[in-house]
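Next comes query_4.csv, with CSV, C-alpha atoms.
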```csv
chain,number,residue,atom,x,y,z
A,1,MET,CA,0.0,0.0,0.0
A,2,LYS,CA,2.7,2.4,0.9
A,3,ASN,CA,4.6,2.1,-2.3
A,4,ASP,CA,1.3,1.9,-4.3
A,5,ALA,CA,0.4,5.4,-3.1
A,6,ILE,CA,3.8,6.8,-4.0
A,7,THR,CA,3.4,5.1,-7.4
A,8,LEU,CA,0.0,6.8,-7.8
A,9,ILE,CA,1.5,10.2,-7.1
A,10,MET,CA,4.4,9.6,-9.4
A,11,ASN,CA,2.2,8.3,-12.2
A,12,ARG,CA,-0.6,10.9,-12.2
A,13,LYS,CA,-0.7,12.5,-15.6
A,14,SER,CA,-2.7,15.1,-17.4
A,15,VAL,CA,-5.4,13.5,-19.6
A,16,ARG,CA,-6.9,15.6,-22.3
A,17,SER,CA,-8.7,13.0,-24.4
A,18,PHE,CA,-11.7,11.0,-23.3
A,19,THR,CA,-13.9,8.2,-24.4
A,20,GLY,CA,-17.6,8.9,-24.5
A,21,GLN,CA,-18.2,6.8,-21.3
A,22,VAL,CA,-20.2,8.6,-18.7
A,23,VAL,CA,-18.8,9.1,-15.2
A,24,ASP,CA,-21.5,8.4,-12.7
A,25,ASN,CA,-22.6,11.0,-10.1
A,26,GLU,CA,-21.4,9.0,-7.2
A,27,THR,CA,-17.9,8.8,-8.6
A,28,LEU,CA,-17.9,12.5,-9.2
A,29,GLU,CA,-19.0,13.2,-5.7
A,30,LYS,CA,-16.2,11.0,-4.4
A,31,LEU,CA,-13.8,13.3,-6.2
A,32,ALA,CA,-15.3,16.4,-4.6
A,33,ARG,CA,-15.0,14.6,-1.2
A,34,ALA,CA,-11.3,14.0,-1.9
A,35,GLY,CA,-11.0,17.7,-2.5
A,36,MET,CA,-12.6,18.6,0.8
A,37,ALA,CA,-10.0,16.3,2.6
A,38,ALA,CA,-7.2,18.8,1.7
A,39,PRO,CA,-5.6,20.9,4.4
A,40,SER,CA,-6.7,24.5,4.7
A,41,ALA,CA,-5.2,27.5,6.6
A,42,LYS,CA,-6.9,27.8,10.0
A,43,ASN,CA,-9.2,25.0,8.8
A,44,LEU,CA,-11.4,27.6,7.1
A,45,GLN,CA,-12.2,25.3,4.1
A,46,PRO,CA,-12.8,28.3,1.8
A,47,TRP,CA,-13.9,26.2,-1.1
A,48,GLY,CA,-16.8,25.1,-3.2
A,49,PHE,CA,-17.0,22.5,-6.0
A,50,VAL,CA,-19.3,22.8,-9.0
A,51,ILE,CA,-19.8,19.4,-10.7
A,52,VAL,CA,-20.9,19.8,-14.3
A,53,THR,CA,-22.3,17.0,-16.4
A,54,ASN,CA,-24.7,19.0,-18.5
A,55,ARG,CA,-23.6,18.8,-22.1
A,56,ASP,CA,-24.7,22.3,-22.9
A,57,THR,CA,-22.9,23.8,-20.0
A,58,LEU,CA,-19.7,21.8,-20.8
A,59,ASP,CA,-19.9,23.0,-24.4
A,60,LYS,CA,-20.4,26.6,-23.3
A,61,LEU,CA,-17.2,26.5,-21.2
A,62,ALA,CA,-15.3,24.8,-24.0
A,63,GLU,CA,-16.3,27.5,-26.4
A,64,ARG,CA,-15.2,30.3,-24.2
A,65,LEU,CA,-12.2,29.0,-22.4
A,66,PRO,CA,-9.1,29.0,-24.6
A,67,TYR,CA,-7.3,26.1,-23.0
A,68,ALA,CA,-10.2,23.9,-22.1
A,69,LYS,CA,-11.3,22.7,-25.5
A,70,MET,CA,-11.2,19.1,-24.2
A,71,LEU,CA,-14.4,19.9,-22.5
A,72,PHE,CA,-16.2,19.3,-25.8
A,73,GLU,CA,-15.2,15.6,-25.3
A,74,ALA,CA,-15.3,15.3,-21.6
A,75,PRO,CA,-18.5,13.9,-20.0
A,76,ALA,CA,-17.9,15.9,-16.8
A,77,ALA,CA,-15.9,18.6,-15.1
A,78,ILE,CA,-15.3,19.8,-11.6
A,79,VAL,CA,-14.8,23.5,-11.1
A,80,VAL,CA,-12.8,24.3,-7.9
A,81,CYS,CA,-13.8,27.6,-6.5
A,82,GLY,CA,-12.6,29.8,-3.7
A,83,ASP,CA,-15.3,31.3,-1.5
A,84,LEU,CA,-14.1,34.6,-0.1
A,85,ALA,CA,-17.0,34.7,2.3
A,86,LYS,CA,-15.3,31.7,4.1
A,87,ALA,CA,-11.8,33.0,3.9
A,88,GLY,CA,-12.0,35.0,7.2
A,89,ASP,CA,-9.0,37.2,7.9
A,90,SER,CA,-6.6,34.9,6.1
A,91,PRO,CA,-4.2,36.7,3.9
A,92,GLU,CA,-5.2,37.2,0.3
A,93,GLY,CA,-4.0,34.2,-1.5
A,94,TYR,CA,-4.3,31.5,1.2
A,95,TRP,CA,-7.6,30.4,-0.4
A,96,VAL,CA,-5.6,29.8,-3.6
A,97,GLN,CA,-3.2,27.5,-1.7
A,98,ASP,CA,-6.1,25.6,0.0
A,99,CYS,CA,-8.0,25.2,-3.3
A,100,SER,CA,-4.9,24.1,-5.1
A,101,ALA,CA,-4.3,21.4,-2.5
A,102,ALA,CA,-7.9,20.3,-3.0
A,103,THR,CA,-7.4,20.3,-6.7
A,104,GLN,CA,-4.4,18.0,-6.4
A,105,ASN,CA,-6.5,15.6,-4.2
A,106,ILE,CA,-9.1,15.5,-6.9
A,107,LEU,CA,-6.5,14.8,-9.7
A,108,LEU,CA,-5.0,12.0,-7.6
A,109,ALA,CA,-8.4,10.5,-6.7
A,110,ALA,CA,-9.3,10.5,-10.4
A,111,GLU,CA,-6.1,8.7,-11.3
A,112,ALA,CA,-6.8,6.2,-8.5
A,113,LEU,CA,-10.2,5.5,-9.9
A,114,GLY,CA,-9.0,4.9,-13.4
A,115,LEU,CA,-10.3,8.3,-14.7
A,116,GLY,CA,-8.4,10.9,-16.6
A,117,ALA,CA,-8.3,14.6,-15.7
A,118,VAL,CA,-6.4,17.8,-16.3
A,119,TRP,CA,-6.1,21.1,-14.4
A,120,THR,CA,-6.9,24.0,-16.7
A,121,GLY,CA,-6.2,27.3,-15.0
A,122,VAL,CA,-8.7,30.1,-14.6
A,123,HIS,CA,-7.9,32.5,-11.7
A,124,PRO,CA,-6.1,35.0,-11.8
A,125,ARG,CA,-6.8,35.5,-15.5
A,126,ALA,CA,-9.7,38.0,-15.4
A,127,ASP,CA,-11.3,37.1,-18.7
A,128,ARG,CA,-11.5,33.4,-17.8
A,129,VAL,CA,-12.8,34.2,-14.3
A,130,THR,CA,-15.6,36.3,-15.9
A,131,THR,CA,-16.5,33.5,-18.3
A,132,VAL,CA,-16.8,30.8,-15.7
A,133,LYS,CA,-18.6,33.0,-13.2
A,134,ASP,CA,-21.1,33.9,-16.0
A,135,VAL,CA,-21.7,30.3,-17.2
A,136,LEU,CA,-21.9,28.8,-13.7
A,137,LYS,CA,-23.8,31.7,-12.1
A,138,LEU,CA,-21.2,32.1,-9.4
A,139,PRO,CA,-22.0,34.7,-6.7
A,140,ASP,CA,-19.7,37.7,-6.4
A,141,ASN,CA,-17.7,36.2,-3.5
A,142,VAL,CA,-16.9,33.0,-5.4
A,143,ILE,CA,-13.9,32.8,-7.6
A,144,PRO,CA,-13.2,29.9,-10.0
A,145,LEU,CA,-9.6,28.7,-9.5
A,146,ASN,CA,-9.7,26.2,-12.3
A,147,VAL,CA,-11.8,23.8,-14.5
A,148,ILE,CA,-11.0,20.1,-14.3
A,149,PRO,CA,-12.3,18.1,-17.3
A,150,ILE,CA,-12.9,14.5,-16.2
A,151,GLY,CA,-13.6,11.3,-18.1
A,152,TYR,CA,-12.3,7.9,-19.0
A,153,PRO,CA,-9.0,8.2,-20.8
A,154,LYS,CA,-8.9,7.7,-24.6
A,155,GLY,CA,-5.6,6.3,-25.8
A,156,GLU,CA,-2.3,6.1,-23.9
A,157,HIS,CA,-1.2,8.8,-21.5
A,158,GLN,CA,2.2,8.8,-19.9
A,159,PRO,CA,3.3,10.8,-16.9
A,160,LYS,CA,6.1,13.3,-17.5
A,161,ASP,CA,9.3,12.6,-15.7
A,162,LYS,CA,9.9,15.9,-14.0
A,163,PHE,CA,12.6,14.9,-11.6
A,164,LYS,CA,15.5,17.4,-11.6
A,165,ALA,CA,18.3,16.9,-9.0
A,166,GLU,CA,19.0,20.6,-9.0
A,167,ASN,CA,15.6,21.4,-7.6
A,168,ILE,CA,16.6,19.8,-4.3
A,169,HIS,CA,18.7,21.8,-1.9
A,170,TRP,CA,20.1,20.5,1.4
A,171,GLN,CA,20.1,22.7,4.5
A,172,GLN,CA,20.0,26.0,2.5
A,173,TRP,CA,19.6,27.1,-1.1
B,1,MET,CA,-5.2,-0.3,-4.6
B,2,LYS,CA,-7.9,2.1,-6.0
B,3,ASN,CA,-9.7,2.3,-2.7
B,4,ASP,CA,-6.4,2.4,-0.7
B,5,ALA,CA,-5.3,5.5,-2.5
B,6,ILE,CA,-8.7,7.2,-1.8
B,7,THR,CA,-8.4,6.1,1.8
B,8,LEU,CA,-4.9,7.7,2.0
B,9,ILE,CA,-6.3,11.0,0.6
B,10,MET,CA,-9.2,11.0,3.1
B,11,ASN,CA,-7.0,10.0,6.1
B,12,ARG,CA,-4.1,12.4,5.6
B,13,LYS,CA,-3.9,14.6,8.7
B,14,SER,CA,-1.8,17.4,10.1
B,15,VAL,CA,0.8,16.0,12.5
B,16,ARG,CA,2.4,18.5,14.9
B,17,SER,CA,4.1,16.2,17.4
B,18,PHE,CA,7.0,14.0,16.6
B,19,THR,CA,9.1,11.2,18.2
B,20,GLY,CA,12.9,11.8,18.1
B,21,GLN,CA,13.4,9.3,15.3
B,22,VAL,CA,15.5,10.5,12.5
B,23,VAL,CA,14.0,10.5,8.9
B,24,ASP,CA,16.7,9.3,6.5
B,25,ASN,CA,17.8,11.4,3.6
B,26,GLU,CA,16.6,8.9,1.0
B,27,THR,CA,13.1,9.1,2.4
B,28,LEU,CA,13.2,12.9,2.5
B,29,GLU,CA,14.4,13.0,-1.1
B,30,LYS,CA,11.5,10.7,-2.0
B,31,LEU,CA,9.1,13.3,-0.6
B,32,ALA,CA,10.7,16.0,-2.7
B,33,ARG,CA,10.4,13.8,-5.8
B,34,ALA,CA,6.7,13.4,-5.1
B,35,GLY,CA,6.5,17.2,-5.0
B,36,MET,CA,8.1,17.4,-8.4
B,37,ALA,CA,5.5,15.0,-9.8
B,38,ALA,CA,2.8,17.7,-9.4
B,39,PRO,CA,1.3,19.4,-12.4
B,40,SER,CA,2.4,22.9,-13.3
B,41,ALA,CA,1.1,25.5,-15.6
B,42,LYS,CA,2.8,25.3,-19.0
B,43,ASN,CA,5.0,22.6,-17.4
B,44,LEU,CA,7.2,25.4,-16.1
B,45,GLN,CA,8.0,23.6,-12.8
B,46,PRO,CA,8.6,26.8,-11.0
B,47,TRP,CA,9.7,25.2,-7.8
B,48,GLY,CA,12.6,24.3,-5.6
B,49,PHE,CA,12.7,22.2,-2.4
B,50,VAL,CA,15.0,22.9,0.6
B,51,ILE,CA,15.4,19.9,2.8
B,52,VAL,CA,16.5,20.8,6.3
B,53,THR,CA,17.8,18.3,8.8
B,54,ASN,CA,20.3,20.5,10.5
B,55,ARG,CA,19.2,21.0,14.2
B,56,ASP,CA,20.5,24.5,14.4
B,57,THR,CA,18.6,25.6,11.3
B,58,LEU,CA,15.4,23.9,12.3
B,59,ASP,CA,15.6,25.7,15.7
B,60,LYS,CA,16.2,29.0,14.1
B,61,LEU,CA,13.1,28.6,11.9
B,62,ALA,CA,11.1,27.5,15.0
B,63,GLU,CA,12.2,30.5,17.0
B,64,ARG,CA,11.3,33.0,14.4
B,65,LEU,CA,8.1,31.5,12.8
B,66,PRO,CA,5.0,32.0,14.9
B,67,TYR,CA,3.1,28.9,13.7
B,68,ALA,CA,6.0,26.5,13.2
B,69,LYS,CA,7.1,25.8,16.8
B,70,MET,CA,6.8,22.1,16.2
B,71,LEU,CA,10.1,22.5,14.3
B,72,PHE,CA,11.8,22.3,17.7
B,73,GLU,CA,10.7,18.7,17.9
B,74,ALA,CA,10.7,17.8,14.2
B,75,PRO,CA,13.9,16.0,12.8
B,76,ALA,CA,13.4,17.5,9.4
B,77,ALA,CA,11.5,20.0,7.3
B,78,ILE,CA,10.9,20.6,3.6
B,79,VAL,CA,10.5,24.2,2.5
B,80,VAL,CA,8.6,24.5,-0.8
B,81,CYS,CA,9.7,27.5,-2.7
B,82,GLY,CA,8.6,29.2,-5.9
B,83,ASP,CA,11.4,30.2,-8.3
B,84,LEU,CA,10.2,33.3,-10.2
B,85,ALA,CA,13.1,32.9,-12.6
B,86,LYS,CA,11.3,29.8,-13.8
B,87,ALA,CA,7.8,31.2,-13.9
B,88,GLY,CA,8.1,32.5,-17.4
B,89,ASP,CA,5.2,34.8,-18.5
B,90,SER,CA,2.7,32.9,-16.3
B,91,PRO,CA,0.4,35.2,-14.5
B,92,GLU,CA,1.4,36.2,-11.0
B,93,GLY,CA,0.1,33.5,-8.8
B,94,TYR,CA,0.3,30.4,-11.0
B,95,TRP,CA,3.6,29.5,-9.2
B,96,VAL,CA,1.6,29.5,-6.0
B,97,GLN,CA,-0.9,27.0,-7.4
B,98,ASP,CA,1.9,24.8,-8.8
B,99,CYS,CA,3.8,24.8,-5.5
B,100,SER,CA,0.6,24.2,-3.5
B,101,ALA,CA,-0.1,21.1,-5.6
B,102,ALA,CA,3.5,20.0,-5.0
B,103,THR,CA,3.0,20.5,-1.3
B,104,GLN,CA,-0.1,18.3,-1.2
B,105,ASN,CA,1.9,15.6,-3.0
B,106,ILE,CA,4.6,15.8,-0.3
B,107,LEU,CA,2.0,15.6,2.5
B,108,LEU,CA,0.3,12.6,0.9
B,109,ALA,CA,3.6,10.9,0.3
B,110,ALA,CA,4.6,11.5,3.9
B,111,GLU,CA,1.3,9.9,5.1
B,112,ALA,CA,1.9,7.0,2.7
B,113,LEU,CA,5.3,6.4,4.2
B,114,GLY,CA,4.1,6.4,7.8
B,115,LEU,CA,5.5,9.9,8.5
B,116,GLY,CA,3.7,12.9,10.0
B,117,ALA,CA,3.8,16.4,8.4
B,118,VAL,CA,2.0,19.7,8.6
B,119,TRP,CA,1.7,22.6,6.2
B,120,THR,CA,2.7,25.9,7.9
B,121,GLY,CA,2.1,28.9,5.7
B,122,VAL,CA,4.8,31.5,4.8
B,123,HIS,CA,4.0,33.4,1.6
B,124,PRO,CA,2.3,35.9,1.3
B,125,ARG,CA,3.1,37.0,4.9
B,126,ALA,CA,6.0,39.3,4.3
B,127,ASP,CA,7.6,38.9,7.8
B,128,ARG,CA,7.6,35.1,7.5
B,129,VAL,CA,9.0,35.3,3.9
B,130,THR,CA,11.8,37.5,5.1
B,131,THR,CA,12.6,35.1,8.0
B,132,VAL,CA,12.8,32.0,5.8
B,133,LYS,CA,14.7,33.8,3.1
B,134,ASP,CA,17.2,34.9,5.7
B,135,VAL,CA,17.7,31.6,7.4
B,136,LEU,CA,17.9,29.5,4.3
B,137,LYS,CA,19.8,32.0,2.2
B,138,LEU,CA,17.3,32.1,-0.6
B,139,PRO,CA,18.1,34.2,-3.7
B,140,ASP,CA,15.9,37.2,-4.5
B,141,ASN,CA,14.0,35.3,-7.1
B,142,VAL,CA,13.0,32.5,-4.7
B,143,ILE,CA,10.0,32.8,-2.5
B,144,PRO,CA,9.2,30.3,0.3
B,145,LEU,CA,5.6,29.2,0.1
B,146,ASN,CA,5.6,27.2,3.3
B,147,VAL,CA,7.6,25.1,5.8
B,148,ILE,CA,6.6,21.5,6.2
B,149,PRO,CA,7.9,20.0,9.5
B,150,ILE,CA,8.3,16.2,9.0
B,151,GLY,CA,9.0,13.3,11.4
B,152,TYR,CA,7.5,10.2,12.9
B,153,PRO,CA,4.2,10.9,14.6
B,154,LYS,CA,4.1,11.0,18.4
B,155,GLY,CA,0.7,9.9,19.8
B,156,GLU,CA,-2.6,9.5,18.0
B,157,HIS,CA,-3.6,11.8,15.2
B,158,GLN,CA,-7.0,11.7,13.6
B,159,PRO,CA,-8.0,13.2,10.2
B,160,LYS,CA,-10.7,15.9,10.4
B,161,ASP,CA,-14.0,15.1,8.7
B,162,LYS,CA,-14.4,18.1,6.5
B,163,PHE,CA,-17.2,16.8,4.3
B,164,LYS,CA,-20.0,19.4,3.9
B,165,ALA,CA,-22.8,18.5,1.4
B,166,GLU,CA,-23.4,22.3,0.8
B,167,ASN,CA,-19.9,22.6,-0.7
B,168,ILE,CA,-21.0,20.5,-3.7
B,169,HIS,CA,-23.0,22.3,-6.4
B,170,TRP,CA,-24.4,20.5,-9.4
B,171,GLN,CA,-24.4,22.1,-12.9
B,172,GLN,CA,-24.2,25.6,-11.5
B,173,TRP,CA,-23.8,27.4,-8.1
```
Represent the structure contained in this file as structure tokens.
Amino acid sequence: MKNDAITLIMNRKSVRSFTGQVVDNETLEKLARAGMAAPSAKNLQPWGFVIVTNRDTLDKLAERLPYAKMLFEAPAAIVVCGDLAKAGDSPEGYWVQDCSAATQNILLAAEALGLGAVWTGVHPRADRVTTVKDVLKLPDNVIPLNVIPIGYPKGEHQPKDKFKAENIHWQQW
Amino acid sequence: MKNDAITLIMNRKSVRSFTGQVVDNETLEKLARAGMAAPSAKNLQPWGFVIVTNRDTLDKLAERLPYAKMLFEAPAAIVVCGDLAKAGDSPEGYWVQDCSAATQNILLAAEALGLGAVWTGVHPRADRVTTVKDVLKLPDNVIPLNVIPIGYPKGEHQPKDKFKAENIHWQQW
């Protein structure tokens, strides 16, 4: 189990091509639950998860988001949002960290369940934020961090080997 | 394996108390490698990982960081840093998202290996950033996102149940 979990982390990859197979709602909710298991500063949990399976909504997002065209093919997406009404007096930006950790949990859970997923960035690009807020009817206090297209992988997808020894520093930089 | 990985994600917890047992360098490097397996915008990998096992350095960080006193007890820490020299023309803040995903990988890998760890926030609090940059001799272009004390857990630590049904929205907010 120990090594399996490490293998999962090392093997997670971005999947941008999907079969037509539907992902059931229970599975999608499991992914959102994995997101909620992330750590958050002061345990504020300043997040919300919009699960989209509606074909028309997915297509609208695909049309208007430049790097999320794979949504035309994906049967589902999870949009990870920061909820500033829950961010308390945390410094600006801690919600981004919390929601990014939640996103990584979702990506890993998808990998573990045999699904494919990819993180497409939204915040802090104002035009993308406006698009997603508009399509998903997000309240003013809710900011979309990203859109994660999700489905069953079509074709072969390999993880990138991103190990670089020079990224590790011992004791000091 | 599938369910085990989900269980790992759901059971990861913040550990703030450690036995004196040393964590060997190979294990610490494995954690940093897990960090490097995170996704990053445009695959820029704008990160660096400082692994600290020097008692004097850990104590200095503990003395000067208000929420990282557990470093007095921890045998090691990993400091996840953003390297702005590698951030390209990515919007300000994407490095924070990338490094937060890397951090979550490290926390999960620690959990998988029977270690305890906790995310203590640094950026964007200027005083903490200055402290860590000073102690670890970080170059100007390198910003510490957090400090992760790491060790073998002392006592019992339970994950928080953070599931809230109202955090899940279907089709739109």
Over all C-alpha pairs taken in sequence order, what does chain B look like after a least-squares fit onto chain A? Please give it as a short mmCIF file (atom, residue, chain, number, x, y, z; two decimals) with C-alpha atoms, in the frame of the given file.
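Output (out21.cif):
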```cif
data_model
loop_
_atom_site.label_atom_id
_atom_site.label_comp_id
_atom_site.auth_asym_id
_atom_site.auth_seq_id
_atom_site.Cartn_x
_atom_site.Cartn_y
_atom_site.Cartn_z
CA MET B 1 0.04 -0.03 -0.04
CA LYS B 2 2.83 2.46 0.96
CA ASN B 3 4.62 2.05 -2.33
CA ASP B 4 1.32 1.94 -4.33
CA ALA B 5 0.35 5.34 -3.06
CA ILE B 6 3.81 6.77 -4.02
CA THR B 7 3.45 5.11 -7.39
CA LEU B 8 0.02 6.78 -7.86
CA ILE B 9 1.54 10.21 -7.02
CA MET B 10 4.43 9.70 -9.47
CA ASN B 11 2.19 8.30 -12.28
CA ARG B 12 -0.62 10.86 -12.18
CA LYS B 13 -0.75 12.53 -15.60
CA SER B 14 -2.74 15.14 -17.45
CA VAL B 15 -5.40 13.46 -19.59
CA ARG B 16 -6.91 15.59 -22.38
CA SER B 17 -8.71 12.98 -24.47
CA PHE B 18 -11.69 11.05 -23.33
CA THR B 19 -13.89 8.11 -24.46
CA GLY B 20 -17.67 8.86 -24.47
CA GLN B 21 -18.25 6.87 -21.30
CA VAL B 22 -20.30 8.59 -18.74
CA VAL B 23 -18.79 9.13 -15.18
CA ASP B 24 -21.52 8.44 -12.63
CA ASN B 25 -22.53 11.02 -10.11
CA GLU B 26 -21.42 8.94 -7.13
CA THR B 27 -17.92 8.78 -8.54
CA LEU B 28 -17.88 12.51 -9.26
CA GLU B 29 -19.06 13.24 -5.73
CA LYS B 30 -16.25 11.01 -4.45
CA LEU B 31 -13.75 13.26 -6.25
CA ALA B 32 -15.25 16.32 -4.63
CA ARG B 33 -15.02 14.65 -1.21
CA ALA B 34 -11.34 14.00 -1.82
CA GLY B 35 -11.00 17.72 -2.54
CA MET B 36 -12.58 18.54 0.77
CA ALA B 37 -10.06 16.30 2.55
CA ALA B 38 -7.27 18.80 1.73
CA PRO B 39 -5.69 20.91 4.41
CA SER B 40 -6.66 24.55 4.72
CA ALA B 41 -5.25 27.44 6.57
CA LYS B 42 -6.95 27.86 9.95
CA ASN B 43 -9.25 25.02 8.81
CA LEU B 44 -11.35 27.65 7.06
CA GLN B 45 -12.23 25.37 4.10
CA PRO B 46 -12.71 28.25 1.80
CA TRP B 47 -13.88 26.19 -1.10
CA GLY B 48 -16.82 25.05 -3.13
CA PHE B 49 -17.01 22.46 -5.95
CA VAL B 50 -19.29 22.75 -9.03
CA ILE B 51 -19.81 19.44 -10.71
CA VAL B 52 -20.89 19.80 -14.31
CA THR B 53 -22.29 16.98 -16.37
CA ASN B 54 -24.71 18.96 -18.42
CA ARG B 55 -23.61 18.81 -22.14
CA ASP B 56 -24.77 22.27 -22.92
CA THR B 57 -22.82 23.79 -20.03
CA LEU B 58 -19.69 21.83 -20.73
CA ASP B 59 -19.84 23.06 -24.38
CA LYS B 60 -20.31 26.60 -23.35
CA LEU B 61 -17.22 26.44 -21.10
CA ALA B 62 -15.27 24.78 -23.97
CA GLU B 63 -16.26 27.45 -26.44
CA ARG B 64 -15.26 30.31 -24.28
CA LEU B 65 -12.11 28.97 -22.45
CA PRO B 66 -9.00 29.00 -24.59
CA TYR B 67 -7.22 26.07 -22.90
CA ALA B 68 -10.20 23.89 -22.02
CA LYS B 69 -11.34 22.66 -25.46
CA MET B 70 -11.18 19.10 -24.26
CA LEU B 71 -14.46 19.93 -22.46
CA PHE B 72 -16.17 19.24 -25.79
CA GLU B 73 -15.21 15.61 -25.39
CA ALA B 74 -15.23 15.33 -21.60
CA PRO B 75 -18.49 13.91 -19.93
CA ALA B 76 -17.93 15.92 -16.82
CA ALA B 77 -15.93 18.66 -15.15
CA ILE B 78 -15.29 19.83 -11.60
CA VAL B 79 -14.75 23.55 -11.10
CA VAL B 80 -12.83 24.31 -7.89
CA CYS B 81 -13.81 27.62 -6.51
CA GLY B 82 -12.64 29.78 -3.63
CA ASP B 83 -15.39 31.26 -1.43
CA LEU B 84 -14.07 34.59 -0.06
CA ALA B 85 -16.98 34.69 2.36
CA LYS B 86 -15.29 31.77 4.06
CA ALA B 87 -11.74 33.03 3.94
CA GLY B 88 -11.98 34.90 7.18
CA ASP B 89 -8.99 37.23 7.90
CA SER B 90 -6.57 34.91 6.05
CA PRO B 91 -4.19 36.79 3.90
CA GLU B 92 -5.16 37.24 0.28
CA GLY B 93 -3.97 34.17 -1.44
CA TYR B 94 -4.28 31.49 1.23
CA TRP B 95 -7.62 30.43 -0.41
CA VAL B 96 -5.63 29.83 -3.56
CA GLN B 97 -3.22 27.50 -1.76
CA ASP B 98 -6.10 25.66 -0.03
CA CYS B 99 -8.01 25.20 -3.29
CA SER B 100 -4.84 24.16 -5.15
CA ALA B 101 -4.25 21.42 -2.57
CA ALA B 102 -7.89 20.37 -2.99
CA THR B 103 -7.39 20.24 -6.72
CA GLN B 104 -4.37 17.94 -6.45
CA ASN B 105 -6.47 15.65 -4.24
CA ILE B 106 -9.16 15.50 -6.95
CA LEU B 107 -6.58 14.75 -9.67
CA LEU B 108 -4.99 11.99 -7.59
CA ALA B 109 -8.35 10.54 -6.73
CA ALA B 110 -9.34 10.58 -10.39
CA GLU B 111 -6.11 8.68 -11.30
CA ALA B 112 -6.81 6.24 -8.46
CA LEU B 113 -10.23 5.53 -9.85
CA GLY B 114 -9.05 4.89 -13.40
CA LEU B 115 -10.31 8.28 -14.66
CA GLY B 116 -8.41 10.92 -16.63
CA ALA B 117 -8.37 14.64 -15.62
CA VAL B 118 -6.45 17.79 -16.36
CA TRP B 119 -6.03 21.03 -14.46
CA THR B 120 -6.91 24.05 -16.68
CA GLY B 121 -6.19 27.34 -15.00
CA VAL B 122 -8.79 30.15 -14.55
CA HIS B 123 -7.91 32.52 -11.70
CA PRO B 124 -6.12 34.97 -11.81
CA ARG B 125 -6.88 35.49 -15.54
CA ALA B 126 -9.69 37.97 -15.33
CA ASP B 127 -11.32 37.06 -18.73
CA ARG B 128 -11.46 33.37 -17.81
CA VAL B 129 -12.84 34.20 -14.29
CA THR B 130 -15.56 36.28 -15.85
CA THR B 131 -16.46 33.47 -18.32
CA VAL B 132 -16.77 30.78 -15.64
CA LYS B 133 -18.59 33.07 -13.28
CA ASP B 134 -21.06 33.82 -16.03
CA VAL B 135 -21.69 30.31 -17.17
CA LEU B 136 -21.95 28.76 -13.77
CA LYS B 137 -23.75 31.64 -12.11
CA LEU B 138 -21.24 32.10 -9.36
CA PRO B 139 -21.95 34.71 -6.64
CA ASP B 140 -19.64 37.71 -6.34
CA ASN B 141 -17.80 36.19 -3.46
CA VAL B 142 -16.92 33.00 -5.36
CA ILE B 143 -13.91 32.83 -7.57
CA PRO B 144 -13.22 29.87 -9.92
CA LEU B 145 -9.66 28.69 -9.54
CA ASN B 146 -9.75 26.19 -12.37
CA VAL B 147 -11.83 23.79 -14.49
CA ILE B 148 -10.97 20.13 -14.30
CA PRO B 149 -12.34 18.16 -17.31
CA ILE B 150 -12.88 14.51 -16.20
CA GLY B 151 -13.69 11.29 -18.09
CA TYR B 152 -12.32 7.93 -19.06
CA PRO B 153 -9.00 8.22 -20.84
CA LYS B 154 -8.91 7.69 -24.61
CA GLY B 155 -5.55 6.25 -25.80
CA GLU B 156 -2.27 6.03 -23.95
CA HIS B 157 -1.17 8.71 -21.56
CA GLN B 158 2.23 8.75 -19.95
CA PRO B 159 3.29 10.75 -16.84
CA LYS B 160 6.09 13.27 -17.47
CA ASP B 161 9.37 12.64 -15.65
CA LYS B 162 9.89 15.94 -13.97
CA PHE B 163 12.64 14.92 -11.58
CA LYS B 164 15.54 17.44 -11.61
CA ALA B 165 18.31 16.85 -8.98
CA GLU B 166 19.06 20.68 -9.01
CA ASN B 167 15.57 21.35 -7.59
CA ILE B 168 16.60 19.73 -4.28
CA HIS B 169 18.68 21.87 -1.91
CA TRP B 170 20.02 20.53 1.35
CA GLN B 171 20.09 22.68 4.54
CA GLN B 172 20.02 25.91 2.58
CA TRP B 173 19.68 27.15 -1.07
#
```
Leaving out Ala74 in chain B and any residue of its chain fewer than 5 positions from it, which residues lie within 8 Å of it when counting all atoms listed in the file, given as number ranges by chain? B: 17-20, 58, 149-151
CA of Leu138 in chain B to CA of Ala32 in chain B: how many Å, to one decimal? 17.5 Å
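The spacing separating CA of Phe163 in chain B from CA of Val96 in chain B amounts to 24.9 Å.
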Closest to chain A among B:Ile168, B:Val118, B:Val129, B:Leu61, using all atoms listed in the file?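 Residue with the minimum atom-to-atom distance to chain A: B:Ile168.
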Can you check which residues of chain B have any atom within 7 Å of chain A? Use all atoms listed in the file and format it as a PyMOL selection string. chain B and resi 1-2+4-6+9-10+33-34+36-37+48-54+96-97+100-101+104-105+109+112-113+136-138+162-163+167-173
When you draw a straight line from CA of Ala126 in chain A to CA of Ala85 in chain A, how long is it in Å?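 CA of Ala85 in chain A lies at a distance of 19.4 Å from CA of Ala126 in chain A.
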Would you list the residues near (-10.7, 28.1, -24.3), meaning any protein, DNA or RNA residue with an atom at most 12 Å from that point in file coordinates, counting only C-alpha atoms, as a PyMOL selection string? chain A and resi 58-72+120-122+127-129+131-132+147
Minimum-distance residue to Pro75 in chain A, chosen among A:Leu28, A:Asn146, A:His157, A:Asn141 (using all atoms listed in the file):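 Smallest distance to Pro75 in chain A is found for A:Leu28.
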